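The file my_file.cif contains mmCIF, C-alpha atoms, pLDDT in the B column; chains and numbers go by the auth columns:
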```
data_final
#
loop_
_atom_site.group_PDB
_atom_site.id
_atom_site.type_symbol
_atom_site.label_atom_id
_atom_site.label_comp_id
_atom_site.label_asym_id
_atom_site.label_seq_id
_atom_site.Cartn_x
_atom_site.Cartn_y
_atom_site.Cartn_z
_atom_site.B_iso_or_equiv
_atom_site.auth_seq_id
_atom_site.auth_asym_id
ATOM 1 C CA VAL A 1 98.695 102.947 138.084 53.00 259 A
ATOM 2 C CA GLN A 2 94.980 102.815 137.426 62.00 260 A
ATOM 3 C CA SER A 3 94.959 106.413 136.194 63.00 261 A
ATOM 4 C CA LEU A 4 97.847 105.641 133.796 60.00 262 A
ATOM 5 C CA VAL A 5 95.924 102.703 132.364 62.00 263 A
ATOM 6 C CA GLN A 6 92.818 104.865 131.973 68.00 264 A
ATOM 7 C CA ASN A 7 94.852 107.613 130.289 70.00 265 A
ATOM 8 C CA ARG A 8 96.333 105.120 127.837 73.00 266 A
ATOM 9 C CA LEU A 9 92.886 103.787 127.007 76.00 267 A
ATOM 10 C CA VAL A 10 91.584 107.309 126.444 76.00 268 A
ATOM 11 C CA LEU A 11 94.573 108.141 124.230 80.00 269 A
ATOM 12 C CA LYS A 12 94.018 104.968 122.216 84.00 270 A
ATOM 13 C CA LEU A 13 90.354 105.849 121.750 88.00 271 A
ATOM 14 C CA VAL A 14 91.280 109.382 120.657 87.00 272 A
ATOM 15 C CA ARG A 15 93.857 108.006 118.212 89.00 273 A
ATOM 16 C CA ASP A 16 91.299 105.541 116.806 92.00 274 A
ATOM 17 C CA LEU A 17 88.758 108.338 116.427 93.00 275 A
ATOM 18 C CA LEU A 18 91.348 110.531 114.718 93.00 276 A
ATOM 19 C CA THR A 19 92.109 107.694 112.294 94.00 277 A
ATOM 20 C CA ILE A 20 88.438 107.385 111.374 93.00 278 A
ATOM 21 C CA VAL A 21 87.970 111.148 110.982 94.00 279 A
ATOM 22 C CA GLU A 22 91.106 111.761 108.907 94.00 280 A
ATOM 23 C CA THR A 23 90.459 108.773 106.649 94.00 281 A
ATOM 24 C CA ALA A 24 86.881 109.949 106.082 95.00 282 A
ATOM 25 C CA LEU A 25 88.107 113.489 105.387 95.00 283 A
ATOM 26 C CA LEU A 26 90.535 112.223 102.769 95.00 284 A
ATOM 27 C CA LYS A 27 87.750 110.296 101.039 95.00 285 A
ATOM 28 C CA VAL A 28 85.527 113.390 101.011 96.00 286 A
ATOM 29 C CA TYR A 29 88.338 115.574 99.670 95.00 287 A
ATOM 30 C CA LEU A 30 89.027 113.108 96.867 95.00 288 A
ATOM 31 C CA ILE A 31 85.347 112.751 95.947 94.00 289 A
ATOM 32 C CA ASP A 32 84.965 116.542 96.012 94.00 290 A
ATOM 33 C CA HIS A 33 88.166 116.981 93.946 93.00 291 A
ATOM 34 C CA ASN A 34 89.587 119.241 96.641 91.00 292 A
ATOM 35 C CA ASN A 35 93.230 118.698 95.766 90.00 293 A
ATOM 36 C CA THR A 36 94.549 121.368 98.107 92.00 294 A
ATOM 37 C CA LEU A 37 93.055 119.847 101.250 94.00 295 A
ATOM 38 C CA ALA A 38 93.733 116.253 100.177 93.00 296 A
ATOM 39 C CA ASN A 39 97.384 117.051 99.504 91.00 297 A
ATOM 40 C CA ALA A 40 97.733 118.973 102.767 91.00 298 A
ATOM 41 C CA LEU A 41 96.377 116.017 104.713 92.00 299 A
ATOM 42 C CA LEU A 42 98.645 113.562 102.903 88.00 300 A
ATOM 43 C CA ARG A 43 101.741 115.738 103.325 85.00 301 A
ATOM 44 C CA ASN A 44 101.231 115.864 107.075 85.00 302 A
ATOM 45 C CA GLN A 45 103.826 113.474 108.519 78.00 303 A
ATOM 46 C CA ASP A 46 101.564 112.786 111.508 84.00 304 A
ATOM 47 C CA ASN A 47 98.356 112.084 109.637 86.00 305 A
ATOM 48 C CA CYS A 48 96.387 109.193 111.065 90.00 306 A
ATOM 49 C CA CYS A 49 94.752 107.949 107.869 92.00 307 A
ATOM 50 C CA LEU A 50 94.557 104.203 107.454 93.00 308 A
ATOM 51 C CA PRO A 51 97.318 103.376 104.951 93.00 309 A
ATOM 52 C CA THR A 52 95.280 100.661 103.226 94.00 310 A
ATOM 53 C CA GLU A 53 92.397 103.078 102.696 94.00 311 A
ATOM 54 C CA VAL A 54 94.707 105.822 101.452 94.00 312 A
ATOM 55 C CA GLU A 55 96.213 103.441 98.891 95.00 313 A
ATOM 56 C CA LYS A 56 92.812 102.184 97.762 96.00 314 A
ATOM 57 C CA GLU A 57 91.322 105.677 97.434 95.00 315 A
ATOM 58 C CA LEU A 58 94.308 107.199 95.658 95.00 316 A
ATOM 59 C CA MET A 59 94.384 104.324 93.168 95.00 317 A
ATOM 60 C CA LYS A 60 90.624 104.576 92.647 95.00 318 A
ATOM 61 C CA HIS A 61 90.900 108.297 91.905 93.00 319 A
ATOM 62 C CA HIS A 62 94.004 107.842 89.707 93.00 320 A
ATOM 63 C CA ARG A 63 96.154 109.971 92.005 94.00 321 A
ATOM 64 C CA ARG A 64 99.476 108.218 91.459 95.00 322 A
ATOM 65 C CA GLN A 65 101.700 111.207 92.253 93.00 323 A
ATOM 66 C CA GLU A 66 99.966 111.643 95.603 92.00 324 A
ATOM 67 C CA LEU A 67 100.398 107.928 96.267 94.00 325 A
ATOM 68 C CA VAL A 68 104.130 108.292 95.633 94.00 326 A
ATOM 69 C CA SER A 69 104.251 111.189 98.100 90.00 327 A
ATOM 70 C CA PHE A 70 102.275 109.193 100.657 90.00 328 A
ATOM 71 C CA TYR A 71 104.653 106.248 100.362 92.00 329 A
ATOM 72 C CA GLU A 72 107.623 108.592 100.626 91.00 330 A
ATOM 73 C CA LYS A 73 106.289 110.121 103.866 89.00 331 A
ATOM 74 C CA GLN A 74 105.836 106.607 105.240 88.00 332 A
ATOM 75 C CA ASN A 75 109.366 105.570 104.182 91.00 333 A
ATOM 76 C CA ARG A 76 107.884 102.990 101.832 94.00 334 A
ATOM 77 C CA HIS A 77 110.365 103.826 99.097 96.00 335 A
ATOM 78 C CA SER A 78 110.224 100.549 97.222 97.00 336 A
ATOM 79 C CA GLU A 79 106.473 100.903 96.775 97.00 337 A
ATOM 80 C CA ALA A 80 106.832 104.545 95.725 96.00 338 A
ATOM 81 C CA LEU A 81 109.380 103.608 93.073 97.00 339 A
ATOM 82 C CA GLU A 82 107.167 100.798 91.795 96.00 340 A
ATOM 83 C CA VAL A 83 104.304 103.261 91.341 96.00 341 A
ATOM 84 C CA ILE A 84 106.620 105.630 89.462 96.00 342 A
ATOM 85 C CA LYS A 85 107.966 102.820 87.296 94.00 343 A
ATOM 86 C CA ASN A 86 104.515 101.404 86.484 94.00 344 A
ATOM 87 C CA THR A 87 102.706 104.683 85.770 94.00 345 A
ATOM 88 C CA ASP A 88 103.096 105.901 82.202 92.00 346 A
ATOM 89 C CA SER A 89 102.899 109.583 83.104 92.00 347 A
ATOM 90 C CA LEU A 90 105.516 109.211 85.861 92.00 348 A
ATOM 91 C CA SER A 91 107.909 106.579 84.524 87.00 349 A
ATOM 92 C CA THR A 92 110.628 108.813 83.169 90.00 350 A
ATOM 93 C CA ARG A 93 114.287 108.439 84.008 89.00 351 A
ATOM 94 C CA GLN A 94 114.251 111.921 85.471 92.00 352 A
ATOM 95 C CA ASN A 95 111.392 111.132 87.872 94.00 353 A
ATOM 96 C CA ILE A 96 113.135 107.987 89.061 94.00 354 A
ATOM 97 C CA LEU A 97 116.433 109.840 89.485 93.00 355 A
ATOM 98 C CA ASN A 98 114.709 112.662 91.361 94.00 356 A
ATOM 99 C CA TYR A 99 113.179 110.181 93.784 95.00 357 A
ATOM 100 C CA LEU A 100 116.396 108.206 94.213 95.00 358 A
ATOM 101 C CA SER A 101 118.329 111.396 94.939 94.00 359 A
ATOM 102 C CA LYS A 102 116.195 111.945 98.056 94.00 360 A
ATOM 103 C CA LEU A 103 117.192 108.610 99.588 95.00 361 A
ATOM 104 C CA ASP A 104 119.995 108.224 102.098 93.00 362 A
ATOM 105 C CA ASN A 105 122.789 105.650 102.255 92.00 363 A
ATOM 106 C CA ASN A 106 120.588 103.206 104.161 94.00 364 A
ATOM 107 C CA GLN A 107 118.686 102.775 100.904 94.00 365 A
ATOM 108 C CA LEU A 108 121.702 101.917 98.723 93.00 366 A
ATOM 109 C CA PRO A 109 120.432 98.442 97.737 94.00 367 A
ATOM 110 C CA LEU A 110 117.171 100.004 96.561 95.00 368 A
ATOM 111 C CA ILE A 111 119.037 102.781 94.751 94.00 369 A
ATOM 112 C CA PHE A 112 121.218 100.237 92.943 93.00 370 A
ATOM 113 C CA LYS A 113 118.167 98.139 92.062 94.00 371 A
ATOM 114 C CA TYR A 114 116.695 101.054 90.107 93.00 372 A
ATOM 115 C CA ILE A 115 119.844 102.740 88.862 91.00 373 A
ATOM 116 C CA LYS A 116 121.434 99.605 87.378 91.00 374 A
ATOM 117 C CA PRO A 117 118.806 99.062 84.630 89.00 375 A
ATOM 118 C CA MET A 118 118.910 102.766 83.828 88.00 376 A
ATOM 119 C CA ILE A 119 122.680 102.673 83.368 88.00 377 A
ATOM 120 C CA LYS A 120 122.448 99.533 81.248 88.00 378 A
ATOM 121 C CA SER A 121 119.730 101.089 79.120 85.00 379 A
ATOM 122 C CA ALA A 122 121.693 104.309 78.636 83.00 380 A
ATOM 123 C CA LEU A 123 124.821 102.379 77.727 83.00 381 A
ATOM 124 C CA GLU A 124 122.871 100.168 75.342 81.00 382 A
ATOM 125 C CA GLU A 125 121.419 103.227 73.630 79.00 383 A
ATOM 126 C CA THR A 126 124.888 104.705 73.360 75.00 384 A
ATOM 127 C CA LYS A 127 126.277 101.408 72.114 71.00 385 A
ATOM 128 C CA ASN A 128 123.585 101.252 69.465 67.00 386 A
ATOM 129 C CA GLU A 129 124.721 104.643 68.256 64.00 387 A
ATOM 130 C CA ASN A 130 128.230 103.200 67.783 56.00 388 A
ATOM 131 C CA ILE A 131 129.761 105.764 70.104 52.00 389 A
ATOM 132 C CA LEU A 132 131.111 103.181 72.522 48.00 390 A
ATOM 133 C CA HIS A 133 133.086 101.406 69.850 53.00 391 A
ATOM 134 C CA ASP A 134 135.380 104.406 69.509 56.00 392 A
ATOM 135 C CA ASN A 135 136.253 104.748 73.164 63.00 393 A
ATOM 136 C CA ALA A 136 138.247 102.080 75.024 63.00 394 A
ATOM 137 C CA ARG A 137 137.234 103.409 78.435 60.00 395 A
ATOM 138 C CA CYS A 138 133.536 103.192 77.530 62.00 396 A
ATOM 139 C CA LYS A 139 134.025 99.660 76.198 64.00 397 A
ATOM 140 C CA SER A 140 135.554 98.656 79.502 65.00 398 A
ATOM 141 C CA LEU A 141 132.681 100.247 81.412 62.00 399 A
ATOM 142 C CA TRP A 142 130.135 98.469 79.209 60.00 400 A
ATOM 143 C CA LYS A 143 131.896 95.146 79.821 67.00 401 A
ATOM 144 C CA ASN A 144 131.732 95.699 83.608 63.00 402 A
ATOM 145 C CA VAL A 145 128.041 96.610 83.527 61.00 403 A
ATOM 146 C CA LYS A 146 127.240 93.491 81.507 61.00 404 A
ATOM 147 C CA GLN A 147 128.839 91.393 84.232 61.00 405 A
ATOM 148 C CA CYS A 148 126.555 92.865 86.944 54.00 406 A
#
```

As C-alpha coordinates:
Amino acid sequence: VQSLVQNRLVLKLVRDLLTIVETALLKVYLIDHNNTLANALLRNQDNCCLPTEVEKELMKHHRRQELVSFYEKQNRHSEALEVIKNTDSLSTRQNILNYLSKLDNNQLPLIFKYIKPMIKSALEETKNENILHDNARCKSLWKNVKQC
(Lines of atoms letter the chains of each structure in order from A and count residues from 1; the text may use other names and numbers.)
(Lines give C-alpha, C1' and ligand atoms only; values in the text may rest on other atoms or scores of the structure.)
Protein backbone atom coordinates (compact mmCIF):
# COMPACT_ATOMS: atom_id res chain seq x y z
CA VAL A 1 0.00 0.00 0.00
CA GLN A 2 2.79 2.38 0.89
CA SER A 3 4.44 1.88 -2.51
CA LEU A 4 1.12 2.63 -4.26
CA VAL A 5 0.78 5.87 -2.32
CA GLN A 6 4.36 6.82 -3.17
CA ASN A 7 3.78 6.01 -6.85
CA ARG A 8 0.67 8.19 -6.92
CA LEU A 9 2.57 11.05 -5.32
CA VAL A 10 5.37 10.70 -7.86
CA LEU A 11 2.87 10.61 -10.73
CA LYS A 12 1.15 13.72 -9.39
CA LEU A 13 4.49 15.52 -9.16
CA VAL A 14 5.36 14.48 -12.72
CA ARG A 15 1.96 15.66 -13.96
CA ASP A 16 2.39 19.00 -12.15
CA LEU A 17 5.86 19.40 -13.64
CA LEU A 18 4.53 18.56 -17.10
CA THR A 19 1.83 21.21 -16.67
CA ILE A 20 4.43 23.84 -15.82
CA VAL A 21 6.72 22.85 -18.69
CA GLU A 22 4.02 22.67 -21.37
CA THR A 23 2.42 25.94 -20.28
CA ALA A 24 5.82 27.65 -20.35
CA LEU A 25 6.55 26.15 -23.78
CA LEU A 26 3.28 27.50 -25.15
CA LYS A 27 4.11 30.98 -23.86
CA VAL A 28 7.56 30.84 -25.47
CA TYR A 29 6.13 29.61 -28.77
CA LEU A 30 3.59 32.44 -28.82
CA ILE A 31 6.18 35.09 -27.93
CA ASP A 32 8.53 33.69 -30.59
CA HIS A 33 5.68 33.54 -33.14
CA ASN A 34 6.36 29.85 -33.68
CA ASN A 35 2.90 28.96 -34.95
CA THR A 36 3.81 25.43 -35.97
CA LEU A 37 4.95 24.35 -32.51
CA ALA A 38 2.23 26.30 -30.69
CA ASN A 39 -0.47 24.71 -32.84
CA ALA A 40 1.04 21.24 -32.44
CA LEU A 41 1.02 21.60 -28.67
CA LEU A 42 -2.56 22.88 -28.64
CA ARG A 43 -3.81 20.16 -30.98
CA ASN A 44 -2.45 17.46 -28.70
CA GLN A 45 -5.50 16.05 -26.90
CA ASP A 46 -3.32 15.13 -23.90
CA ASN A 47 -1.53 18.43 -23.47
CA CYS A 48 -1.14 19.46 -19.86
CA CYS A 49 -1.22 23.23 -20.31
CA LEU A 50 -3.16 25.17 -17.71
CA PRO A 51 -6.43 26.08 -19.45
CA THR A 52 -6.63 29.51 -17.80
CA GLU A 53 -3.13 30.35 -19.00
CA VAL A 54 -3.83 29.07 -22.50
CA GLU A 55 -6.93 31.28 -22.72
CA LYS A 56 -5.10 34.32 -21.38
CA GLU A 57 -2.10 33.89 -23.69
CA LEU A 58 -4.13 33.18 -26.82
CA MET A 59 -6.31 36.23 -26.18
CA LYS A 60 -3.25 38.37 -25.48
CA HIS A 61 -1.66 37.30 -28.77
CA HIS A 62 -4.94 37.66 -30.71
CA ARG A 63 -5.01 33.97 -31.62
CA ARG A 64 -8.77 33.48 -31.69
CA GLN A 65 -8.80 30.57 -34.15
CA GLU A 66 -6.37 28.65 -31.94
CA LEU A 67 -8.55 29.43 -28.93
CA VAL A 68 -11.54 27.95 -30.76
CA SER A 69 -9.51 24.81 -31.49
CA PHE A 70 -8.37 24.61 -27.87
CA TYR A 71 -11.94 24.87 -26.61
CA GLU A 72 -13.04 22.26 -29.14
CA LYS A 73 -10.38 19.79 -27.94
CA GLN A 74 -11.56 20.38 -24.37
CA ASN A 75 -15.23 19.89 -25.35
CA ARG A 76 -15.96 23.48 -24.35
CA HIS A 77 -18.17 24.03 -27.37
CA SER A 78 -20.24 26.88 -26.00
CA GLU A 79 -17.11 28.92 -25.34
CA ALA A 80 -15.71 28.07 -28.78
CA LEU A 81 -18.90 29.26 -30.45
CA GLU A 82 -18.90 32.46 -28.42
CA VAL A 83 -15.37 33.22 -29.61
CA ILE A 84 -16.43 32.57 -33.21
CA LYS A 85 -19.53 34.73 -32.83
CA ASN A 86 -17.67 37.62 -31.17
CA THR A 87 -14.62 37.73 -33.45
CA ASP A 88 -15.13 39.80 -36.58
CA SER A 89 -12.79 37.70 -38.72
CA LEU A 90 -14.47 34.44 -37.65
CA SER A 91 -18.13 35.37 -37.24
CA THR A 92 -19.46 34.18 -40.56
CA ARG A 93 -22.44 31.90 -40.95
CA GLN A 94 -20.21 29.37 -42.66
CA ASN A 95 -17.74 29.24 -39.75
CA ILE A 96 -20.56 28.74 -37.26
CA LEU A 97 -22.15 26.05 -39.43
CA ASN A 98 -18.80 24.30 -39.87
CA TYR A 99 -18.31 24.18 -36.12
CA LEU A 100 -21.88 23.08 -35.42
CA SER A 101 -21.58 20.28 -37.97
CA LYS A 102 -18.82 18.69 -35.86
CA LEU A 103 -21.05 18.37 -32.79
CA ASP A 104 -22.94 15.22 -31.91
CA ASN A 105 -26.55 14.78 -30.80
CA ASN A 106 -25.62 15.37 -27.16
CA GLN A 107 -25.07 18.99 -28.16
CA LEU A 108 -28.49 19.55 -29.77
CA PRO A 109 -29.54 22.34 -27.37
CA LEU A 110 -26.34 24.21 -28.19
CA ILE A 111 -26.79 23.57 -31.91
CA PHE A 112 -30.35 24.93 -31.78
CA LYS A 113 -29.20 27.95 -29.77
CA TYR A 114 -26.90 29.00 -32.63
CA ILE A 115 -28.86 27.74 -35.61
CA LYS A 116 -32.17 29.38 -34.66
CA PRO A 117 -30.97 33.00 -35.05
CA MET A 118 -29.27 32.07 -38.31
CA ILE A 119 -32.49 30.62 -39.70
CA LYS A 120 -34.47 33.64 -38.55
CA SER A 121 -31.93 35.98 -40.10
CA ALA A 122 -31.92 34.09 -43.40
CA LEU A 123 -35.71 34.05 -43.49
CA GLU A 124 -35.86 37.74 -42.64
CA GLU A 125 -33.45 38.53 -45.46
CA THR A 126 -35.55 36.44 -47.82
CA LYS A 127 -38.73 38.06 -46.55
CA ASN A 128 -37.24 41.49 -47.14
CA GLU A 129 -36.64 40.49 -50.74
CA ASN A 130 -40.37 39.72 -51.06
CA ILE A 131 -39.70 36.14 -52.07
CA LEU A 132 -41.61 34.66 -49.16
CA HIS A 133 -44.79 36.48 -50.04
CA ASP A 134 -45.14 34.40 -53.20
CA ASN A 135 -44.80 31.01 -51.57
CA ALA A 136 -47.41 29.68 -49.12
CA ARG A 137 -45.08 27.01 -47.77
CA CYS A 138 -42.40 29.60 -46.97
CA LYS A 139 -45.00 31.82 -45.29
CA SER A 140 -46.00 28.93 -43.08
CA LEU A 141 -42.36 28.22 -42.23
CA TRP A 142 -41.76 31.89 -41.40
CA LYS A 143 -44.82 31.90 -39.13
CA ASN A 144 -43.50 28.83 -37.25
CA VAL A 145 -40.04 30.33 -36.81
CA LYS A 146 -41.53 33.55 -35.43
CA GLN A 147 -43.31 31.51 -32.77
CA CYS A 148 -40.03 29.94 -31.54

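When atom CA of Arg273 of chain A is paired with atom CA of His291 of chain A, their separation reads 26.5 Å.
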
So how many Å separate atom CA of Lys331 of chain A and atom CA of Asn265 of chain A, to one decimal?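 Computing it gives 28.9 Å between the two atoms.
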
Nearest residue to Asn333 of chain A from the set A:Gln303, A:Asn292, A:Ser379, A:Thr350 (distances using all atoms listed in the file):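 Under the stated criterion, the closest residue is A:Gln303.
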
So what do you get for atom CA of Leu300 of chain A versus atom CA of Phe328 of chain A, distance-wise? 6.1 Å

Starting from the PyMOL selection byres ((chain A and resi 371-373) around 12), expand the selection into actual residues of this file and give them as a PyMOL selection string. chain A and resi 335-336+338-340+342-343+349+351-359+365-370+374-380+403+406

Tell me which of A:Leu276, A:Leu267, A:Leu284, A:Leu381 sits closest to Glu311 of chain A, counting all atoms listed in the file. A:Leu284

To verify the selection step, state as JSON, numbers by chain which residues the PyMOL selection byres ((chain A and resi 277) around 12) yields on this input. {"A": [270, 271, 272, 273, 274, 275, 276, 278, 279, 280, 281, 282, 283, 284, 304, 305, 306, 307, 308, 309, 310, 311, 312]}

Smallest atom-to-atom distance to Asn297 of chain A: which of A:Glu382, A:Asp362, A:Glu313, A:Glu324, using only C-alpha atoms?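 Among A:Glu382, A:Asp362, A:Glu313, A:Glu324, it is A:Glu324 that comes nearest to Asn297 of chain A.
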
Any chance you could work out the residue set of the PyMOL selection byres ((chain A and resi 320) around 12) here, as a ChimeraX atom specification? /A:288-289,291,312-319,321-326,341,345-347
